[in-house]
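**Student:** Provided below: my_file03.pdb, containing PDB, C-alpha atoms, pLDDT in the B column.
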```pdb
ATOM      1  CA  MET P 715       0.000   0.000   0.000  1.00 51.00           C
ATOM      2  CA  PRO P 716       1.240   3.546  -0.642  1.00 56.00           C
ATOM      3  CA  GLU P 717       2.819   5.287   2.318  1.00 70.00           C
ATOM      4  CA  MET P 718       0.824   8.152   3.778  1.00 78.00           C
ATOM      5  CA  ILE P 719       2.164  10.876   6.044  1.00 87.00           C
ATOM      6  CA  ILE P 720      -0.234  11.227   8.959  1.00 91.00           C
ATOM      7  CA  SER P 721      -1.223  14.770   9.967  1.00 93.00           C
ATOM      8  CA  SER P 722      -3.131  16.095  12.984  1.00 95.00           C
ATOM      9  CA  ALA P 723      -6.075  17.236  10.836  1.00 96.00           C
ATOM     10  CA  MET P 724      -6.814  13.697   9.628  1.00 95.00           C
ATOM     11  CA  LYS P 725      -9.572  11.662  11.231  1.00 96.00           C
ATOM     12  CA  MET P 726      -8.238   9.021  13.602  1.00 95.00           C
ATOM     13  CA  ALA P 727     -10.449   6.371  11.974  1.00 95.00           C
ATOM     14  CA  ASP P 728      -8.815   7.039   8.604  1.00 94.00           C
ATOM     15  CA  ILE P 729      -5.466   5.793   9.902  1.00 93.00           C
ATOM     16  CA  ILE P 730      -6.956   2.368  10.606  1.00 93.00           C
ATOM     17  CA  ASN P 731      -8.821   2.279   7.298  1.00 92.00           C
ATOM     18  CA  HIS P 732      -5.555   3.041   5.531  1.00 90.00           C
ATOM     19  CA  ASP P 733      -3.320   0.683   7.528  1.00 90.00           C
ATOM     20  CA  LYS P 734      -4.576  -2.013   9.885  1.00 90.00           C
ATOM     21  CA  ARG P 735      -1.277  -1.971  11.805  1.00 89.00           C
ATOM     22  CA  ALA P 736      -2.563   1.121  13.598  1.00 91.00           C
ATOM     23  CA  LEU P 737      -4.933  -1.164  15.516  1.00 90.00           C
ATOM     24  CA  VAL P 738      -2.077  -2.443  17.689  1.00 88.00           C
ATOM     25  CA  LEU P 739      -0.395   0.949  17.832  1.00 89.00           C
ATOM     26  CA  LEU P 740      -3.221   3.034  19.328  1.00 92.00           C
ATOM     27  CA  PRO P 741      -3.508   1.126  22.660  1.00 90.00           C
ATOM     28  CA  ARG P 742       0.145   1.966  23.372  1.00 90.00           C
ATOM     29  CA  PHE P 743      -1.018   5.550  23.765  1.00 91.00           C
ATOM     30  CA  GLY P 744      -4.064   4.556  25.819  1.00 89.00           C
ATOM     31  CA  ILE P 745      -6.374   5.185  22.858  1.00 92.00           C
ATOM     32  CA  ASP P 746      -9.349   2.841  22.537  1.00 91.00           C
ATOM     33  CA  LEU P 747     -11.698   2.495  19.601  1.00 94.00           C
ATOM     34  CA  GLY P 748     -14.951   4.445  19.595  1.00 94.00           C
ATOM     35  CA  PHE P 749     -13.608   7.922  18.816  1.00 94.00           C
ATOM     36  CA  GLY P 750     -16.177   8.613  16.082  1.00 95.00           C
ATOM     37  CA  ASP P 751     -15.111  11.109  13.429  1.00 95.00           C
ATOM     38  CA  LYS P 752     -12.737  13.047  15.658  1.00 96.00           C
ATOM     39  CA  THR P 753      -9.463  14.221  14.192  1.00 97.00           C
ATOM     40  CA  ILE P 754      -6.122  13.042  15.515  1.00 96.00           C
ATOM     41  CA  LYS P 755      -5.635  16.400  17.211  1.00 97.00           C
ATOM     42  CA  GLU P 756      -9.026  16.167  18.903  1.00 97.00           C
ATOM     43  CA  VAL P 757      -8.462  12.606  20.120  1.00 96.00           C
ATOM     44  CA  CYS P 758      -4.977  13.437  21.438  1.00 95.00           C
ATOM     45  CA  ARG P 759      -6.255  16.551  23.194  1.00 95.00           C
ATOM     46  CA  SER P 760      -9.115  14.670  24.875  1.00 94.00           C
ATOM     47  CA  ARG P 761      -6.675  12.064  26.203  1.00 92.00           C
ATOM     48  CA  GLN P 762      -3.903  14.546  27.084  1.00 93.00           C
ATOM     49  CA  ILE P 763      -1.485  13.054  24.553  1.00 93.00           C
ATOM     50  CA  ASN P 764       1.177  15.222  22.966  1.00 92.00           C
ATOM     51  CA  THR P 765       0.007  15.425  19.340  1.00 94.00           C
ATOM     52  CA  ASP P 766       3.475  15.999  17.871  1.00 91.00           C
ATOM     53  CA  PHE P 767       4.821  12.959  19.712  1.00 91.00           C
ATOM     54  CA  PHE P 768       1.889  10.833  18.548  1.00 93.00           C
ATOM     55  CA  LEU P 769       2.479  11.867  14.919  1.00 93.00           C
ATOM     56  CA  LEU P 770       6.197  11.149  15.215  1.00 90.00           C
ATOM     57  CA  MET P 771       5.612   7.627  16.522  1.00 89.00           C
ATOM     58  CA  VAL P 772       2.785   6.775  14.113  1.00 91.00           C
ATOM     59  CA  ASN P 773       4.617   7.992  11.026  1.00 90.00           C
ATOM     60  CA  THR P 774       7.843   6.232  12.001  1.00 87.00           C
ATOM     61  CA  PHE P 775       5.976   3.009  12.800  1.00 88.00           C
ATOM     62  CA  LEU P 776       3.845   2.912   9.647  1.00 88.00           C
ATOM     63  CA  ASN P 777       6.285   4.388   7.094  1.00 87.00           C
ATOM     64  CA  LYS P 778       9.640   2.687   6.669  1.00 83.00           C
ATOM     65  CA  ASN P 779      11.030   5.649   4.708  1.00 83.00           C
ATOM     66  CA  TYR P 780       9.890   8.300   7.187  1.00 80.00           C
ATOM     67  CA  PHE P 781      12.687  10.014   9.090  1.00 73.00           C
ATOM     68  CA  PRO P 782      11.890  12.296  12.045  1.00 67.00           C
ATOM     69  CA  ASP P 783      15.003  14.564  11.634  1.00 66.00           C
ATOM     70  CA  ARG P 784      14.390  17.924  13.358  1.00 64.00           C
ATOM     71  CA  ARG P 785      11.556  16.668  15.552  1.00 64.00           C
ATOM     72  CA  LEU P 786      14.064  14.704  17.633  1.00 66.00           C
ATOM     73  CA  LYS P 787      15.547  17.821  19.204  1.00 63.00           C
ATOM     74  CA  SER P 788      12.354  18.627  21.110  1.00 69.00           C
ATOM     75  CA  LEU P 789      11.351  15.046  21.928  1.00 80.00           C
ATOM     76  CA  ASP P 790      10.433  14.236  25.527  1.00 87.00           C
ATOM     77  CA  VAL P 791      12.512  11.165  26.381  1.00 90.00           C
ATOM     78  CA  SER P 792      10.137  10.090  29.161  1.00 91.00           C
ATOM     79  CA  MET P 793       7.242   9.899  26.666  1.00 91.00           C
ATOM     80  CA  LEU P 794       9.371   7.842  24.293  1.00 92.00           C
ATOM     81  CA  LEU P 795      10.387   5.395  27.019  1.00 94.00           C
ATOM     82  CA  LEU P 796       6.777   5.042  28.181  1.00 93.00           C
ATOM     83  CA  TYR P 797       5.677   4.277  24.629  1.00 93.00           C
ATOM     84  CA  LEU P 798       8.431   1.641  24.202  1.00 94.00           C
ATOM     85  CA  GLU P 799       7.646   0.069  27.581  1.00 95.00           C
ATOM     86  CA  ASN P 800       3.929  -0.080  26.689  1.00 93.00           C
ATOM     87  CA  SER P 801       4.876  -1.849  23.470  1.00 94.00           C
ATOM     88  CA  HIS P 802       6.851  -4.428  25.460  1.00 96.00           C
ATOM     89  CA  GLN P 803       3.915  -4.984  27.801  1.00 95.00           C
ATOM     90  CA  TYR P 804       1.659  -5.616  24.818  1.00 95.00           C
ATOM     91  CA  TYR P 805       4.063  -8.278  23.538  1.00 95.00           C
ATOM     92  CA  LEU P 806       4.488  -9.947  26.931  1.00 96.00           C
ATOM     93  CA  GLN P 807       0.923  -9.769  28.249  1.00 96.00           C
ATOM     94  CA  GLU P 808      -1.160 -10.097  25.087  1.00 94.00           C
ATOM     95  CA  LYS P 809       0.587 -11.135  21.889  1.00 95.00           C
ATOM     96  CA  ILE P 810       2.909 -13.863  23.179  1.00 96.00           C
ATOM     97  CA  PRO P 811       0.265 -15.549  25.417  1.00 97.00           C
ATOM     98  CA  TYR P 812      -2.169 -15.556  22.468  1.00 97.00           C
ATOM     99  CA  LEU P 813       0.452 -17.185  20.218  1.00 96.00           C
ATOM    100  CA  GLU P 814       1.163 -19.744  22.937  1.00 96.00           C
ATOM    101  CA  ARG P 815      -2.527 -20.670  23.095  1.00 96.00           C
ATOM    102  CA  LEU P 816      -2.675 -21.091  19.307  1.00 95.00           C
ATOM    103  CA  ILE P 817       0.426 -23.304  19.251  1.00 93.00           C
ATOM    104  CA  GLU P 818      -0.996 -25.400  22.096  1.00 93.00           C
ATOM    105  CA  GLU P 819      -4.286 -25.824  20.221  1.00 93.00           C
ATOM    106  CA  PHE P 820      -2.386 -26.829  17.088  1.00 90.00           C
ATOM    107  CA  LYS P 821      -0.362 -29.395  19.051  1.00 88.00           C
ATOM    108  CA  GLU P 822      -3.542 -30.942  20.474  1.00 88.00           C
ATOM    109  CA  ARG P 823      -5.261 -31.183  17.081  1.00 87.00           C
ATOM    110  CA  VAL P 824      -2.394 -32.249  14.823  1.00 84.00           C
ATOM    111  CA  HIS P 825      -0.707 -35.569  15.474  1.00 83.00           C
ATOM    112  CA  HIS P 826       2.513 -35.406  13.495  1.00 82.00           C
ATOM    113  CA  PRO P 827       6.196 -35.836  14.455  1.00 83.00           C
ATOM    114  CA  ALA P 828       6.988 -32.295  13.335  1.00 82.00           C
ATOM    115  CA  THR P 829       4.651 -30.904  15.995  1.00 86.00           C
ATOM    116  CA  LEU P 830       7.329 -31.341  18.665  1.00 87.00           C
ATOM    117  CA  GLN P 831       9.841 -29.527  16.467  1.00 86.00           C
ATOM    118  CA  LEU P 832       7.347 -26.731  15.935  1.00 87.00           C
ATOM    119  CA  GLU P 833       6.873 -26.312  19.685  1.00 89.00           C
ATOM    120  CA  LYS P 834      10.645 -26.370  20.213  1.00 88.00           C
ATOM    121  CA  PHE P 835      11.269 -23.657  17.600  1.00 88.00           C
ATOM    122  CA  PHE P 836       8.466 -21.574  19.027  1.00 91.00           C
ATOM    123  CA  GLN P 837       9.700 -21.803  22.630  1.00 92.00           C
ATOM    124  CA  GLN P 838      13.267 -20.974  21.549  1.00 89.00           C
ATOM    125  CA  TYR P 839      12.038 -17.951  19.652  1.00 90.00           C
ATOM    126  CA  ILE P 840       9.842 -16.680  22.490  1.00 93.00           C
ATOM    127  CA  ALA P 841      12.729 -17.133  24.946  1.00 92.00           C
ATOM    128  CA  GLU P 842      14.928 -14.943  22.721  1.00 90.00           C
ATOM    129  CA  VAL P 843      12.199 -12.305  22.413  1.00 91.00           C
ATOM    130  CA  LYS P 844      11.723 -12.183  26.198  1.00 93.00           C
ATOM    131  CA  GLU P 845      15.474 -11.957  26.783  1.00 92.00           C
ATOM    132  CA  HIS P 846      15.721  -9.120  24.275  1.00 90.00           C
ATOM    133  CA  LEU P 847      12.848  -7.192  25.892  1.00 93.00           C
ATOM    134  CA  ALA P 848      14.191  -7.778  29.410  1.00 94.00           C
ATOM    135  CA  TYR P 849      17.586  -6.380  28.419  1.00 91.00           C
ATOM    136  CA  GLU P 850      15.966  -3.220  27.095  1.00 92.00           C
ATOM    137  CA  ASP P 851      13.618  -2.845  30.081  1.00 94.00           C
ATOM    138  CA  HIS P 852      16.234  -3.437  32.782  1.00 93.00           C
ATOM    139  CA  THR P 853      19.470  -2.150  31.228  1.00 90.00           C
ATOM    140  CA  ALA P 854      19.023   0.131  28.214  1.00 90.00           C
ATOM    141  CA  PHE P 855      15.902   2.078  29.211  1.00 93.00           C
ATOM    142  CA  PRO P 856      17.007   2.855  32.811  1.00 91.00           C
ATOM    143  CA  TYR P 857      20.302   4.146  31.394  1.00 89.00           C
ATOM    144  CA  VAL P 858      18.443   6.402  28.952  1.00 90.00           C
ATOM    145  CA  ALA P 859      16.165   7.699  31.735  1.00 90.00           C
ATOM    146  CA  ALA P 860      19.152   8.494  33.982  1.00 87.00           C
ATOM    147  CA  LEU P 861      20.987  10.161  31.115  1.00 87.00           C
ATOM    148  CA  ALA P 862      18.002  12.377  30.297  1.00 86.00           C
ATOM    149  CA  GLN P 863      17.635  13.279  33.985  1.00 84.00           C
ATOM    150  CA  GLN P 864      21.270  14.317  34.228  1.00 81.00           C
ATOM    151  CA  VAL P 865      21.030  16.491  31.137  1.00 79.00           C
ATOM    152  CA  LYS P 866      17.852  18.075  32.500  1.00 76.00           C
ATOM    153  CA  ASN P 867      19.033  19.070  35.980  1.00 72.00           C
ATOM    154  CA  GLN P 868      22.525  17.639  36.557  1.00 61.00           C
ATOM    155  CA  SER P 869      21.224  15.701  39.563  1.00 58.00           C
ATOM    156  CA  ILE P 870      22.541  12.276  38.607  1.00 55.00           C
ATOM    157  CA  ASP P 871      26.143  11.518  37.725  1.00 59.00           C
ATOM    158  CA  ILE P 872      26.427   8.685  35.204  1.00 55.00           C
ATOM    159  CA  THR P 873      29.890   9.550  33.911  1.00 54.00           C
ATOM    160  CA  GLN P 874      31.298   6.427  35.569  1.00 52.00           C
ATOM    161  CA  VAL P 875      28.662   4.096  34.120  1.00 56.00           C
ATOM    162  CA  ASN P 876      30.286   1.576  31.787  1.00 59.00           C
ATOM    163  CA  TYR P 877      27.534   1.786  29.189  1.00 61.00           C
ATOM    164  CA  ASN P 878      26.570   3.864  26.179  1.00 67.00           C
ATOM    165  CA  ILE P 879      24.050   3.767  23.359  1.00 66.00           C
ATOM    166  CA  GLY P 880      26.637   2.129  21.100  1.00 70.00           C
ATOM    167  CA  VAL P 881      26.414  -1.003  23.272  1.00 66.00           C
ATOM    168  CA  PHE P 882      22.645  -1.022  22.801  1.00 68.00           C
ATOM    169  CA  GLU P 883      23.039  -0.545  19.046  1.00 67.00           C
ATOM    170  CA  GLU P 884      25.469  -3.484  18.778  1.00 67.00           C
ATOM    171  CA  ARG P 885      23.065  -5.742  20.663  1.00 65.00           C
ATOM    172  CA  HIS P 886      20.056  -4.525  18.713  1.00 60.00           C
ATOM    173  CA  ASP P 887      19.759  -7.628  16.570  1.00 64.00           C
ATOM    174  CA  ASN P 888      16.678  -8.381  14.509  1.00 62.00           C
ATOM    175  CA  ILE P 889      14.953 -10.974  16.660  1.00 65.00           C
ATOM    176  CA  GLU P 890      12.159 -11.249  14.114  1.00 60.00           C
ATOM    177  CA  GLU P 891      14.554 -13.090  11.765  1.00 62.00           C
ATOM    178  CA  LYS P 892      14.361 -16.134  14.048  1.00 69.00           C
ATOM    179  CA  LEU P 893      10.800 -16.714  12.853  1.00 80.00           C
ATOM    180  CA  THR P 894      11.985 -18.158   9.542  1.00 82.00           C
ATOM    181  CA  ASP P 895      12.253 -21.797  10.687  1.00 81.00           C
ATOM    182  CA  LEU P 896       8.948 -21.593  12.514  1.00 85.00           C
ATOM    183  CA  LYS P 897       7.064 -20.281   9.493  1.00 88.00           C
ATOM    184  CA  SER P 898       8.790 -22.759   7.163  1.00 86.00           C
ATOM    185  CA  LEU P 899       7.596 -25.690   9.263  1.00 85.00           C
ATOM    186  CA  LEU P 900       3.994 -24.545   9.056  1.00 87.00           C
ATOM    187  CA  ILE P 901       4.138 -23.684   5.359  1.00 89.00           C
ATOM    188  CA  LYS P 902       6.238 -26.532   3.962  1.00 88.00           C
ATOM    189  CA  TYR P 903       6.410 -29.583   6.164  1.00 82.00           C
ATOM    190  CA  PHE P 904       3.058 -30.377   7.755  1.00 80.00           C
ATOM    191  CA  PRO P 905       0.878 -32.539   5.497  1.00 78.00           C
ATOM    192  CA  PRO P 906      -2.711 -31.508   4.752  1.00 76.00           C
ATOM    193  CA  ALA P 907      -4.944 -32.197   7.743  1.00 73.00           C
ATOM    194  CA  ASN P 908      -7.987 -30.809   9.521  1.00 75.00           C
ATOM    195  CA  ASP P 909      -5.906 -27.866  10.719  1.00 79.00           C
ATOM    196  CA  ARG P 910      -6.145 -25.667   7.629  1.00 84.00           C
ATOM    197  CA  TYR P 911      -7.718 -22.573   9.166  1.00 90.00           C
ATOM    198  CA  LEU P 912      -5.872 -22.877  12.459  1.00 91.00           C
ATOM    199  CA  ARG P 913      -2.591 -23.071  10.580  1.00 91.00           C
ATOM    200  CA  ILE P 914      -3.498 -20.007   8.518  1.00 92.00           C
ATOM    201  CA  ARG P 915      -4.453 -18.131  11.694  1.00 94.00           C
ATOM    202  CA  ILE P 916      -1.134 -18.993  13.353  1.00 93.00           C
ATOM    203  CA  LEU P 917       0.807 -17.908  10.281  1.00 94.00           C
ATOM    204  CA  ASN P 918      -1.125 -14.639  10.098  1.00 94.00           C
ATOM    205  CA  GLU P 919      -0.439 -13.943  13.775  1.00 94.00           C
ATOM    206  CA  LEU P 920       3.259 -14.807  13.436  1.00 93.00           C
ATOM    207  CA  MET P 921       3.608 -12.556  10.392  1.00 92.00           C
ATOM    208  CA  ASP P 922       1.792  -9.717  12.158  1.00 92.00           C
ATOM    209  CA  PHE P 923       4.116 -10.163  15.154  1.00 91.00           C
ATOM    210  CA  GLU P 924       7.137 -10.147  12.854  1.00 89.00           C
ATOM    211  CA  ASP P 925       5.952  -6.960  11.162  1.00 88.00           C
ATOM    212  CA  ASP P 926       5.241  -5.324  14.529  1.00 90.00           C
ATOM    213  CA  LEU P 927       8.741  -6.125  15.812  1.00 89.00           C
ATOM    214  CA  ILE P 928      10.322  -4.729  12.646  1.00 87.00           C
ATOM    215  CA  ASN P 929       8.405  -1.469  13.021  1.00 86.00           C
ATOM    216  CA  HIS P 930       9.160  -1.311  16.746  1.00 89.00           C
ATOM    217  CA  ALA P 931      12.872  -1.786  16.047  1.00 87.00           C
ATOM    218  CA  ARG P 932      12.727   0.991  13.443  1.00 85.00           C
ATOM    219  CA  ILE P 933      11.452   3.408  16.090  1.00 87.00           C
ATOM    220  CA  GLU P 934      14.356   2.452  18.343  1.00 89.00           C
ATOM    221  CA  ASP P 935      16.842   2.814  15.479  1.00 86.00           C
ATOM    222  CA  LYS P 936      15.498   6.092  14.057  1.00 84.00           C
ATOM    223  CA  VAL P 937      14.284   7.792  17.231  1.00 87.00           C
ATOM    224  CA  LEU P 938      15.752   6.310  20.419  1.00 89.00           C
ATOM    225  CA  ILE P 939      19.357   5.784  19.328  1.00 88.00           C
ATOM    226  CA  PRO P 940      19.830   9.232  17.681  1.00 87.00           C
ATOM    227  CA  ILE P 941      18.300  11.139  20.592  1.00 86.00           C
ATOM    228  CA  VAL P 942      20.373   9.260  23.172  1.00 86.00           C
ATOM    229  CA  ALA P 943      23.507   9.879  21.122  1.00 86.00           C
ATOM    230  CA  GLN P 944      22.665  13.612  21.301  1.00 84.00           C
ATOM    231  CA  LEU P 945      22.260  13.419  25.071  1.00 82.00           C
ATOM    232  CA  GLU P 946      25.588  11.627  25.442  1.00 83.00           C
ATOM    233  CA  GLN P 947      27.304  14.349  23.433  1.00 82.00           C
ATOM    234  CA  GLN P 948      25.889  16.957  25.815  1.00 77.00           C
ATOM    235  CA  ILE P 949      27.285  15.075  28.815  1.00 73.00           C
ATOM    236  CA  ASN P 950      30.692  14.536  27.277  1.00 65.00           C
TER     237      ASN P 950
END
```
If you convert what's in this file into structure tokens, what do you get?

**Tutor:**
Amino acid sequence: MPEMIISSAMKMADIINHDKRALVLLPRFGIDLGFGDKTIKEVCRSRQINTDFFLLMVNTFLNKNYFPDRRLKSLDVSMLLLYLENSHQYYLQEKIPYLERLIEEFKERVHHPATLQLEKFFQQYIAEVKEHLAYEDHTAFPYVAALAQQVKNQSIDITQVNYNIGVFEERHDNIEEKLTDLKSLLIKYFPPANDRYLRIRILNELMDFEDDLINHARIEDKVLIPIVAQLEQQIN
């Protein structure tokens, strides 16, 4: 589909009609469906959301060629971290448990030797995703929060901390690539059975998850890493 730059004057419903990926994005701002024909600006104002920040995140998430450039200089780091943490909570509390239930249902319905391999690949992948998210939540994000606090009021000294955003960038591997074996098993190696629609549903959910992780990583690459690099320059 053609990329569309989202503006504050657009109706919030039009984002979803244009790109279904917005359905998983809106809850990360605390926005639920049922906003009628209100514009993005009106919805953000009613929920006390910074409209410029919302537009930055939505455009970066939905458009792979969008680059935030000058908007980064005025970005509130605490809002960015909250958004990223909300995204992680969605993965851990909603998306991953739902995938686990689908895989369990598939295992109960399909009696085939490859089922055990499928479960193994899935559990390995989920373990890597959880490890990746835990590292960001407990190491990278607290560092960014402390860095922003020091720049703001010089109240915290992190000059002796043996960490920088370059370490995060080196570890920022594409965990979504690990889905390849899992999808290949479902597409290529299970024989036809009475699982047709369940298999399609699992594949759709895995592909949606993969796409979500790619877009989430793009926000970290294009927004988080550049802004933290700027903060580090101010400290040094």

**Student:** Between CA of Leu770 (chain P) and CA of Glu919 (chain P), what is the distance in Å, rounded to a tenth?

**Tutor:**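 Computing the Euclidean distance for CA of Leu770 (chain P) and CA of Glu919 (chain P) yields 26.0 Å.
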
**Student:** To one decimal place in Å, what is the distance between CA of Asn929 (chain P) and CA of Arg742 (chain P)?

**Tutor:**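 Atom-to-atom, CA of Asn929 (chain P) to CA of Arg742 (chain P), that is 13.7 Å.
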
**Student:** Quote the spacing between CA of Leu739 (chain P) and CA of Asp751 (chain P) in Å to one decimal place.

**Tutor:** 18.4 Å

**Student:** Give me the residues within 12 Å of Gly748 (chain P) as JSON, numbers by chain, counting all atoms listed in the file and dropping any in the same chain fewer than 2 places off.

**Tutor:** {"P": [726, 727, 740, 745, 746, 750, 751, 752, 757]}

**Student:** Under the PyMOL selection byres ((chain P and resi 793) around 12), which residues of this model are included? Write them out as a ChimeraX atom specification.

**Tutor:** /P:742-743,763-768,770-771,788-792,794-800,855,858-859,862,937-938

**Student:** Which residue is closest to Gly880 (chain P)? Choose from P:Ile949, P:Ile939, P:Ile840, P:Ala736 and count only C-alpha atoms.

**Tutor:**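 Under the stated criterion, the closest residue is P:Ile939.
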
**Student:** Would you write out, as a list in words, every residue that the PyMOL selection byres ((chain P and resi 755) around 7) captures in this file?

**Tutor:**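 That expression, the PyMOL selection byres ((chain P and resi 755) around 7), corresponds here to Ser722, Ala723, Thr753, Ile754, Glu756, Val757, Cys758, Arg759 and Thr765 of chain P.
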
**Student:** With C-alpha atoms retained, could you export that selection as a compact mmCIF listing (two decimals), in the frame of the given file?

**Tutor:**
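Below is the file result.txt, written as the result:
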```txt
# COMPACT_ATOMS: atom_id res chain seq x y z
CA SER P 722 -3.13 16.10 12.98
CA ALA P 723 -6.08 17.24 10.84
CA THR P 753 -9.46 14.22 14.19
CA ILE P 754 -6.12 13.04 15.52
CA GLU P 756 -9.03 16.17 18.90
CA VAL P 757 -8.46 12.61 20.12
CA CYS P 758 -4.98 13.44 21.44
CA ARG P 759 -6.26 16.55 23.19
CA THR P 765 0.01 15.42 19.34
```

**Student:** Any chance you could resolve the PyMOL selection byres ((chain P and resi 820-829) around 8) against this file and give the residues as a PDB file with C-alpha atoms, in the coordinates of the input?

**Tutor:**
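This is the output file part_0.pdb:
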```pdb
ATOM      1  CA  LEU P 816      -2.675 -21.091  19.307  1.00 95.00           C
ATOM      2  CA  ILE P 817       0.426 -23.304  19.251  1.00 93.00           C
ATOM      3  CA  GLU P 818      -0.996 -25.400  22.096  1.00 93.00           C
ATOM      4  CA  GLU P 819      -4.286 -25.824  20.221  1.00 93.00           C
ATOM      5  CA  LEU P 830       7.329 -31.341  18.665  1.00 87.00           C
ATOM      6  CA  GLN P 831       9.841 -29.527  16.467  1.00 86.00           C
ATOM      7  CA  LEU P 832       7.347 -26.731  15.935  1.00 87.00           C
ATOM      8  CA  GLU P 833       6.873 -26.312  19.685  1.00 89.00           C
ATOM      9  CA  LEU P 899       7.596 -25.690   9.263  1.00 85.00           C
ATOM     10  CA  TYR P 903       6.410 -29.583   6.164  1.00 82.00           C
ATOM     11  CA  PHE P 904       3.058 -30.377   7.755  1.00 80.00           C
ATOM     12  CA  ALA P 907      -4.944 -32.197   7.743  1.00 73.00           C
ATOM     13  CA  ASN P 908      -7.987 -30.809   9.521  1.00 75.00           C
ATOM     14  CA  ASP P 909      -5.906 -27.866  10.719  1.00 79.00           C
ATOM     15  CA  LEU P 912      -5.872 -22.877  12.459  1.00 91.00           C
ATOM     16  CA  ARG P 913      -2.591 -23.071  10.580  1.00 91.00           C
TER      17      ARG P 913
END
```

**Student:** Of the candidates P:Lys902, P:Asn779, P:Ala943, P:Asp935, which shows the shortest atom-to-atom distance to Glu717 (chain P), using all atoms listed in the file?

**Tutor:**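 Of all the options, P:Asn779 lies closest to Glu717 (chain P).
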
**Student:** Looking at all atoms listed in the file, which of P:Ile916, P:Leu893, P:Tyr839, P:Ile719 is the one that sits closest to Phe781 (chain P)?

**Tutor:**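 Looking at the shortest contact to Phe781 (chain P), the residue is P:Ile719.
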